[in-house]
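Dumped work.txt below, it's compact mmCIF, C-alpha atoms:
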```
# COMPACT_ATOMS: atom_id res chain seq x y z
CA MET A 18 10.50 -20.86 -1.28
CA THR A 19 11.53 -18.95 -4.38
CA ALA A 20 11.06 -15.23 -4.81
CA GLN A 21 8.31 -15.74 -7.41
CA GLU A 22 6.37 -18.01 -5.05
CA TYR A 23 6.58 -15.71 -2.05
CA GLU A 24 3.36 -14.41 -0.57
CA TYR A 25 2.87 -11.31 1.54
CA VAL A 26 1.32 -13.32 4.35
CA ARG A 27 3.81 -15.78 5.80
CA GLY A 28 2.98 -19.42 6.47
CA GLY A 29 -0.02 -21.57 5.65
CA ALA A 30 -1.42 -22.72 2.34
CA SER A 31 -1.37 -20.82 -0.91
CA HIS A 32 -2.73 -17.33 -0.38
CA GLY A 33 -5.53 -15.63 -2.23
CA PRO A 34 -5.66 -13.16 -5.11
CA VAL A 35 -4.68 -9.60 -5.73
CA VAL A 36 -7.97 -7.67 -5.58
CA VAL A 37 -8.34 -4.35 -7.38
CA GLY A 38 -11.33 -2.04 -7.12
CA VAL A 39 -12.49 -0.07 -10.17
CA ASP A 40 -15.17 2.56 -10.66
CA GLY A 41 -15.16 3.15 -14.41
CA SER A 42 -14.20 6.81 -14.03
CA GLY A 43 -11.19 6.53 -16.33
CA THR A 44 -8.68 6.76 -13.47
CA ASP A 45 -8.62 3.00 -12.93
CA GLU A 46 -5.96 2.02 -15.45
CA PRO A 47 -2.81 2.60 -13.33
CA ALA A 48 -4.31 0.64 -10.42
CA VAL A 49 -5.42 -2.22 -12.65
CA ALA A 50 -2.07 -2.33 -14.45
CA TRP A 51 -0.13 -2.45 -11.18
CA ALA A 52 -2.49 -5.08 -9.74
CA ALA A 53 -2.10 -7.27 -12.82
CA LEU A 54 1.68 -6.99 -12.73
CA THR A 55 1.73 -7.83 -9.02
CA ALA A 56 -0.49 -10.87 -9.56
CA ALA A 57 1.83 -12.06 -12.33
CA ARG A 58 4.95 -11.58 -10.20
CA HIS A 59 3.51 -13.38 -7.19
CA ARG A 60 1.78 -16.04 -9.31
CA VAL A 61 -1.62 -15.52 -7.77
CA PRO A 62 -5.04 -14.81 -9.34
CA LEU A 63 -6.40 -11.32 -9.99
CA ARG A 64 -9.91 -10.22 -9.12
CA VAL A 65 -11.26 -6.99 -10.63
CA VAL A 66 -14.10 -5.71 -8.45
CA HIS A 67 -16.66 -3.14 -9.54
CA SER A 68 -19.63 -2.13 -7.40
CA ASN A 69 -22.69 -0.36 -8.75
CA GLU A 70 -23.23 2.15 -5.96
CA VAL A 71 -26.41 3.44 -7.57
CA ALA A 72 -28.01 0.43 -5.93
CA VAL A 73 -27.89 2.05 -2.52
CA ALA A 74 -29.10 5.48 -3.60
CA GLY A 75 -32.33 6.14 -1.76
CA ALA A 76 -32.22 2.79 0.01
CA VAL A 77 -32.66 2.39 3.73
CA GLN A 78 -29.21 2.67 5.32
CA ASP A 79 -27.58 -0.72 5.94
CA ASP A 80 -30.40 -2.51 4.12
CA PRO A 81 -28.78 -5.83 3.08
CA ALA A 82 -31.08 -6.04 0.07
CA ALA A 83 -29.36 -2.98 -1.45
CA GLY A 84 -26.26 -5.06 -2.18
CA SER A 85 -27.95 -8.29 -3.17
CA ASP A 86 -27.65 -10.25 -6.43
CA GLU A 87 -31.35 -9.61 -7.01
CA THR A 88 -30.77 -5.85 -6.85
CA LEU A 89 -27.89 -6.14 -9.31
CA SER A 90 -30.03 -8.19 -11.72
CA ALA A 91 -32.83 -5.64 -11.51
CA LEU A 92 -30.42 -2.80 -12.24
CA ARG A 93 -29.06 -4.61 -15.27
CA GLU A 94 -32.55 -5.15 -16.63
CA HIS A 95 -32.97 -1.39 -16.60
CA GLY A 96 -29.51 -0.74 -18.09
CA GLU A 97 -28.20 0.84 -14.88
CA ALA A 98 -25.40 -1.58 -14.01
CA PRO A 99 -22.58 -1.37 -16.58
CA ARG A 100 -20.11 -4.26 -16.58
CA VAL A 101 -17.05 -2.11 -15.96
CA ALA A 102 -14.97 -4.96 -14.51
CA ASP A 103 -15.70 -7.22 -17.48
CA GLN A 104 -14.30 -4.66 -19.89
CA LEU A 105 -11.08 -4.22 -17.91
CA VAL A 106 -10.61 -7.96 -17.49
CA GLU A 107 -10.39 -8.46 -21.24
CA LYS A 108 -7.50 -5.99 -21.41
CA VAL A 109 -5.66 -7.77 -18.59
CA ARG A 110 -6.10 -11.19 -20.21
CA ALA A 111 -4.62 -9.91 -23.44
CA GLN A 112 -1.54 -8.55 -21.65
CA TYR A 113 -1.12 -11.33 -19.07
CA PRO A 114 -2.49 -14.55 -20.57
CA GLY A 115 -0.97 -16.61 -17.76
CA VAL A 116 -2.84 -14.79 -14.98
CA ASP A 117 -6.12 -16.22 -13.68
CA VAL A 118 -8.24 -13.08 -13.85
CA GLU A 119 -11.91 -12.75 -13.01
CA ALA A 120 -14.43 -9.89 -12.95
CA VAL A 121 -16.57 -9.43 -9.87
CA GLU A 122 -19.62 -7.22 -10.33
CA ALA A 123 -21.52 -6.23 -7.19
CA ALA A 124 -24.19 -3.85 -5.98
CA GLY A 125 -23.81 -1.52 -3.03
CA ALA A 126 -20.99 0.48 -1.50
CA ALA A 127 -17.64 0.09 -3.26
CA SER A 128 -15.67 0.03 -0.03
CA GLN A 129 -17.79 -2.82 1.34
CA ALA A 130 -17.38 -4.85 -1.85
CA LEU A 131 -13.61 -4.63 -1.43
CA MET A 132 -13.59 -5.20 2.31
CA ASP A 133 -15.54 -8.41 1.73
CA LYS A 134 -12.39 -9.73 -0.03
CA GLN A 135 -9.82 -8.74 2.60
CA GLU A 136 -9.68 -12.04 4.47
CA SER A 137 -8.30 -13.93 1.48
CA ALA A 138 -6.60 -11.16 -0.50
CA LEU A 139 -2.86 -10.94 -0.93
CA VAL A 140 -3.35 -7.18 -1.26
CA LEU A 141 -6.24 -4.82 -1.98
CA VAL A 142 -5.45 -2.29 -4.72
CA VAL A 143 -7.28 1.00 -5.17
CA GLY A 144 -6.81 4.05 -7.30
CA SER A 145 -6.97 7.55 -5.94
CA GLY A 146 -7.37 10.80 -7.21
CA ARG A 147 -9.03 13.91 -7.92
CA ARG A 148 -7.38 17.21 -7.02
CA GLY A 149 -8.81 19.95 -4.87
CA GLY A 150 -9.07 23.62 -5.70
CA ILE A 151 -5.51 24.32 -4.60
CA GLY A 152 -4.07 21.44 -6.61
CA GLU A 153 -3.68 19.07 -3.67
CA ARG A 154 -4.61 15.47 -4.38
CA ILE A 155 -7.58 14.34 -2.33
CA LEU A 156 -8.02 10.68 -1.47
CA GLY A 157 -11.40 9.37 -2.54
CA SER A 158 -13.70 8.02 0.17
CA THR A 159 -13.25 4.43 -1.01
CA SER A 160 -9.45 4.67 -1.06
CA LEU A 161 -9.38 6.27 2.37
CA ASN A 162 -11.81 3.79 3.91
CA ILE A 163 -9.89 0.80 2.58
CA ALA A 164 -6.50 2.17 3.66
CA MET A 165 -7.87 2.88 7.14
CA HIS A 166 -9.81 -0.28 7.84
CA ALA A 167 -8.47 -3.23 5.84
CA ALA A 168 -6.52 -5.84 7.78
CA CYS A 169 -4.48 -6.94 4.77
CA PRO A 170 -1.98 -4.74 2.89
CA VAL A 171 -3.55 -2.01 0.75
CA ALA A 172 -1.89 -0.52 -2.32
CA VAL A 173 -2.90 2.97 -3.41
CA VAL A 174 -1.95 3.88 -6.98
CA ASN A 175 -2.39 7.55 -7.79
CA PRO A 176 -3.34 8.71 -11.30
CA GLY A 177 -0.26 9.66 -13.25
CA VAL A 178 1.85 6.83 -11.84
CA ASP A 179 3.60 5.23 -14.81
CA VAL A 180 3.33 1.53 -14.01
CA SER A 181 5.07 0.62 -17.27
CA ALA A 182 8.18 2.68 -16.46
CA GLU A 183 11.51 0.87 -16.30
CA PRO A 184 11.98 -0.39 -12.71
CA VAL A 185 14.70 1.29 -10.70
CA GLY A 186 15.16 -1.79 -8.50
CA ARG A 187 14.48 0.08 -5.26
CA ILE A 188 11.73 -0.63 -2.72
CA VAL A 189 11.46 2.09 -0.08
CA VAL A 190 10.05 1.42 3.38
CA GLY A 191 9.50 3.94 6.15
CA VAL A 192 10.79 2.54 9.45
CA ASP A 193 10.47 4.27 12.82
CA GLY A 194 10.57 1.29 15.16
CA SER A 195 6.79 0.99 15.58
CA ARG A 196 4.96 -2.34 15.18
CA ASP A 197 3.31 -1.09 12.00
CA SER A 198 6.66 -0.15 10.49
CA ALA A 199 8.04 -3.60 11.35
CA ALA A 200 5.07 -5.12 9.51
CA ALA A 201 5.76 -2.76 6.61
CA ALA A 202 9.36 -4.01 6.50
CA GLU A 203 8.12 -7.57 6.03
CA ILE A 204 6.08 -6.48 3.01
CA ALA A 205 8.99 -4.45 1.63
CA TRP A 206 11.33 -7.45 1.79
CA ALA A 207 8.68 -9.67 0.17
CA THR A 208 8.19 -7.15 -2.62
CA ALA A 209 11.93 -6.82 -3.18
CA ALA A 210 12.32 -10.60 -3.30
CA ALA A 211 9.61 -10.91 -5.95
CA ARG A 212 11.18 -8.12 -8.02
CA GLY A 213 14.86 -8.83 -7.50
CA ALA A 214 15.18 -5.36 -5.99
CA ARG A 215 16.99 -3.68 -3.11
CA VAL A 216 15.27 -2.31 0.01
CA ALA A 217 15.93 1.21 1.23
CA CYS A 218 14.93 1.64 4.90
CA ILE A 219 14.20 5.30 5.54
CA SER A 220 14.13 6.66 9.08
CA THR A 221 13.57 10.35 9.74
CA TRP A 222 14.07 12.78 12.59
CA TYR A 223 13.25 16.45 12.83
CA LEU A 224 13.82 19.31 15.31
CA GLU A 225 15.47 17.18 17.95
CA VAL A 226 16.41 18.96 21.16
CA VAL A 227 19.41 17.76 23.20
CA GLY A 228 20.34 19.59 26.37
CA GLY A 229 17.95 22.42 25.53
CA VAL A 230 19.60 23.00 22.13
CA VAL A 231 18.01 22.30 18.73
CA ILE A 232 20.41 20.09 16.80
CA THR A 233 21.34 21.46 13.38
CA ASP A 234 25.10 20.98 13.02
CA GLU A 235 25.78 18.00 10.74
CA ASP A 236 29.08 17.26 12.45
CA SER A 237 27.91 17.57 16.04
CA GLU A 238 28.29 14.79 18.57
CA GLN A 239 24.61 15.11 19.49
CA ARG A 240 23.58 14.49 15.90
CA ASP A 241 25.61 11.29 15.88
CA VAL A 242 23.76 10.17 19.01
CA ILE A 243 20.39 10.79 17.34
CA GLU A 244 21.32 8.93 14.18
CA THR A 245 22.75 6.00 16.15
CA ARG A 246 19.46 5.76 18.07
CA GLN A 247 17.47 5.84 14.84
CA ARG A 248 19.65 3.18 13.23
CA GLU A 249 19.21 0.88 16.23
CA ARG A 250 15.44 1.27 15.99
CA VAL A 251 15.51 0.40 12.31
CA GLU A 252 17.69 -2.68 12.76
CA ALA A 253 15.40 -3.98 15.50
CA ALA A 254 12.28 -3.42 13.41
CA ILE A 255 13.60 -5.14 10.26
CA ARG A 256 15.12 -8.17 12.00
CA ALA A 257 12.24 -10.55 11.15
CA ALA A 258 12.15 -9.44 7.51
CA ARG A 259 15.90 -9.91 7.14
CA GLU A 260 15.70 -13.40 8.63
CA ASP A 261 12.98 -14.37 6.17
CA PHE A 262 14.92 -13.02 3.19
CA PRO A 263 18.64 -13.06 4.00
CA ASP A 264 19.55 -12.65 0.32
CA VAL A 265 17.68 -9.38 -0.18
CA PRO A 266 20.15 -6.47 -0.07
CA TYR A 267 19.22 -3.39 1.90
CA ASP A 268 20.42 0.02 3.03
CA VAL A 269 19.50 2.13 6.04
CA GLU A 270 19.21 5.87 5.47
CA ILE A 271 18.72 8.29 8.38
CA LEU A 272 17.34 11.55 6.98
CA ASN A 273 16.54 14.85 8.63
CA GLY A 274 13.19 16.44 7.84
CA PRO A 275 9.41 16.04 8.28
CA SER A 276 8.54 12.38 7.75
CA SER A 277 5.74 12.94 5.23
CA LYS A 278 7.87 15.20 3.01
CA VAL A 279 10.91 12.95 3.18
CA LEU A 280 8.97 9.80 2.31
CA ALA A 281 6.97 11.50 -0.45
CA ALA A 282 10.24 12.71 -1.99
CA GLN A 283 11.56 9.14 -1.91
CA SER A 284 8.68 8.07 -4.16
CA ASP A 285 10.40 9.87 -7.05
CA HIS A 286 12.98 7.11 -7.27
CA ALA A 287 11.23 4.01 -5.97
CA ASP A 288 9.26 1.20 -7.58
CA VAL A 289 7.09 0.85 -4.50
CA LEU A 290 6.86 2.79 -1.23
CA VAL A 291 5.75 0.79 1.83
CA ILE A 292 4.51 2.47 5.01
CA GLY A 293 2.71 1.49 8.21
CA THR A 294 -0.73 2.86 8.94
CA ARG A 295 0.55 4.55 12.09
CA GLY A 296 4.00 5.39 13.41
CA ARG A 297 5.47 5.72 16.88
CA GLY A 298 3.70 9.02 17.43
CA GLY A 299 0.29 7.80 16.24
CA PHE A 300 -2.71 7.76 18.53
CA ALA A 301 -3.76 4.24 19.47
CA GLY A 302 -7.33 4.83 18.31
CA LYS A 303 -6.39 6.47 15.04
CA LEU A 304 -6.68 4.11 12.08
CA LEU A 305 -4.56 6.11 9.64
CA GLY A 306 -1.80 8.39 10.87
CA SER A 307 -1.34 11.90 9.50
CA VAL A 308 2.03 10.99 7.98
CA SER A 309 0.55 8.02 6.12
CA HIS A 310 -2.34 10.15 4.88
CA LYS A 311 -0.05 12.88 3.56
CA VAL A 312 2.24 10.37 1.86
CA LEU A 313 -0.73 8.73 0.11
CA GLN A 314 -1.80 12.11 -1.22
CA ALA A 315 1.61 13.11 -2.54
CA ALA A 316 3.30 9.85 -3.63
CA ARG A 317 4.43 9.45 -7.22
CA CYS A 318 4.79 5.66 -7.08
CA PRO A 319 2.44 2.95 -5.77
CA VAL A 320 2.18 3.04 -1.96
CA VAL A 321 1.47 -0.08 0.08
CA VAL A 322 -0.08 0.62 3.49
CA VAL A 323 0.44 -2.07 6.11
CA LYS A 324 -1.18 -2.69 9.47
CA SER A 325 0.56 -4.84 12.08
CA ARG A 326 -1.03 -8.07 13.23
CA PRO A 327 -3.08 -7.80 16.43
CA GLU A 328 -1.13 -8.64 19.56
CA LYS A 329 -2.11 -11.96 21.12
```
Would you mind writing the file out in structure tokens?
Amino acid sequence: MTAQEYEYVRGGASHGPVVVGVDGSGTDEPAVAWAALTAARHRVPLRVVHSNEVAVAGAVQDDPAAGSDETLSALREHGEAPRVADQLVEKVRAQYPGVDVEAVEAAGAASQALMDKQESALVLVVGSGRRGGIGERILGSTSLNIAMHAACPVAVVNPGVDVSAEPVGRIVVGVDGSRDSAAAAEIAWATAAARGARVACISTWYLEVVGGVVITDEDSEQRDVIETRQRERVEAAIRAAREDFPDVPYDVEILNGPSSKVLAAQSDHADVLVIGTRGRGGFAGKLLGSVSHKVLQAARCPVVVVKSRPEK
């Protein structure tokens, strides 16, 4: 299997499309551009999904009629359902004439319209974006819901990400030895194979205590023990990915500092940052770990969030 033919999900027949959600707010362009480029690289179709959420305003909660084709037709008759996806599709076709691209207009909640595509999607792509009063980026409800609940990989592309920038040839993946980080490694290697890039495996530690002493000395024997432990965790977690793509070069970097800050900083010199939904310290019932959430808010490159497959 060549790099260009590789799919995120291993095995089976040809996988489905890249699916990108749009809302017509003007912040969609980076997400659509990245989704189109990803579809072209992986040689899969692109589906641009727009949902007219006005359809559910005032409707009975969970009323299936609110998201029906009949509702959408009625809204269009009254000029209340703009064809946002259609407009964006024309731009994609002009830039990527070889990509099979299709607009999907729906009625109802945007997150549900995207989740309906998760079973067949290679990856779901969403934008994110407004900033709060203190300048901190706040994930929109749709972006957060999709990142938390989707079973397939989810890419979050923040406004301001320059998708057209010259690639640096570096795919960063956060690895802590958890099952989610092992799944993230598989996606990182797949992405690197499709791009002809190198993988940087980042493992972090912070405020470790050995023998009642906080380790700070860079040359201490205790620090070497910590970093050896971290490296062993990384190598175990990436074993499957390495076996699938033995030709993809990689590095392991053990860095000291809070995980969210370290990974967010790595996004400054990465084409894509891949993370698991939850790390080793995550609560079993928590769908999106605090580290993942903070990284999504702060990242300056596209972030792919990955959830491990359910244990059999």
Next on the checklist: Give me, as a PyMOL selection string, all polymer residues having an atom no more than 10 Å from Val321 (chain A), counting all atoms listed in the file and skipping those fewer than 5 positions away in the same chain.
Outcome noted: chain A and resi 140-142+164+170-174+190+201+204-205+289-294+313
Per residue of region 163-243 of chain A within 10 Å of region 248-272 of chain A, which atom pair is closest and at what distance in Å (one decimal), using only C-alpha atoms, listed by chain and increasing number, as a Markdown table?
```
| residue | atom | partner | partner_atom | distance |
| --- | --- | --- | --- | --- |
| A:Arg187 | CA | A:Tyr267 | CA | 9.3 |
| A:Ile188 | CA | A:Tyr267 | CA | 9.2 |
| A:Val189 | CA | A:Tyr267 | CA | 9.7 |
| A:Val190 | CA | A:Val269 | CA | 9.8 |
| A:Gly191 | CA | A:Val251 | CA | 9.3 |
| A:Val192 | CA | A:Val251 | CA | 5.9 |
| A:Asp193 | CA | A:Val251 | CA | 6.4 |
| A:Gly194 | CA | A:Arg250 | CA | 4.9 |
| A:Ser195 | CA | A:Ala254 | CA | 7.4 |
| A:Arg196 | CA | A:Ala254 | CA | 7.6 |
| A:Asp197 | CA | A:Ala254 | CA | 9.4 |
| A:Ser198 | CA | A:Ala254 | CA | 7.1 |
| A:Ala199 | CA | A:Ala254 | CA | 4.7 |
| A:Ala200 | CA | A:Ala254 | CA | 8.4 |
| A:Ala201 | CA | A:Ile255 | CA | 9.0 |
| A:Ala202 | CA | A:Ile255 | CA | 5.8 |
| A:Glu203 | CA | A:Ala258 | CA | 4.7 |
| A:Ile204 | CA | A:Ala258 | CA | 8.1 |
| A:Ala205 | CA | A:Ala258 | CA | 8.3 |
| A:Trp206 | CA | A:Ala258 | CA | 6.1 |
| A:Ala207 | CA | A:Phe262 | CA | 7.7 |
| A:Ala209 | CA | A:Val265 | CA | 7.0 |
| A:Ala210 | CA | A:Val265 | CA | 6.3 |
| A:Gly213 | CA | A:Val265 | CA | 7.9 |
| A:Ala214 | CA | A:Val265 | CA | 7.5 |
| A:Arg215 | CA | A:Pro266 | CA | 5.2 |
| A:Val216 | CA | A:Tyr267 | CA | 4.5 |
| A:Ala217 | CA | A:Asp268 | CA | 5.0 |
| A:Cys218 | CA | A:Val269 | CA | 4.7 |
| A:Ile219 | CA | A:Glu270 | CA | 5.0 |
| A:Ser220 | CA | A:Ile271 | CA | 4.9 |
| A:Thr221 | CA | A:Leu272 | CA | 4.8 |
| A:Trp222 | CA | A:Leu272 | CA | 6.6 |
| A:Tyr223 | CA | A:Leu272 | CA | 8.7 |
| A:Val242 | CA | A:Arg248 | CA | 10.0 |
| A:Ile243 | CA | A:Arg248 | CA | 8.7 |
```
Item to check | For Val39 (chain A): contacts at 10 Å, all atoms listed in the file, fewer than 6 positions along chain excluded, given as a list in words | outcome: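 Answer for this query is Asp45, Glu46, Ala48, Val49, Val65, Val66, His67, Ser68, Val101, Ala102, Leu105, Ala127, Leu131, Val142, Val143 and Gly144 of chain A.
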Checklist outcome for this item: The residue from A:Gln283, A:Gln247, A:Arg212, A:Ala56 with the smallest atom-to-atom distance to Pro184 (chain A), counting all atoms listed in the file, is A:Arg212
Next on the checklist: One number please: CA of Leu63 (chain A) to CA of Val36 (chain A), in Å, one decimal.
Outcome noted: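 For CA of Leu63 (chain A) relative to CA of Val36 (chain A), the distance reads 5.9 Å.
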Checklist entry - In Å, how far is it from CA of Pro114 (chain A) to CA of Ala138 (chain A)? => result 20.8 Å
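Computed from the coordinates, the CA of Leu161 (chain A) to CA of Glu107 (chain A) distance equals 27.8 Å.
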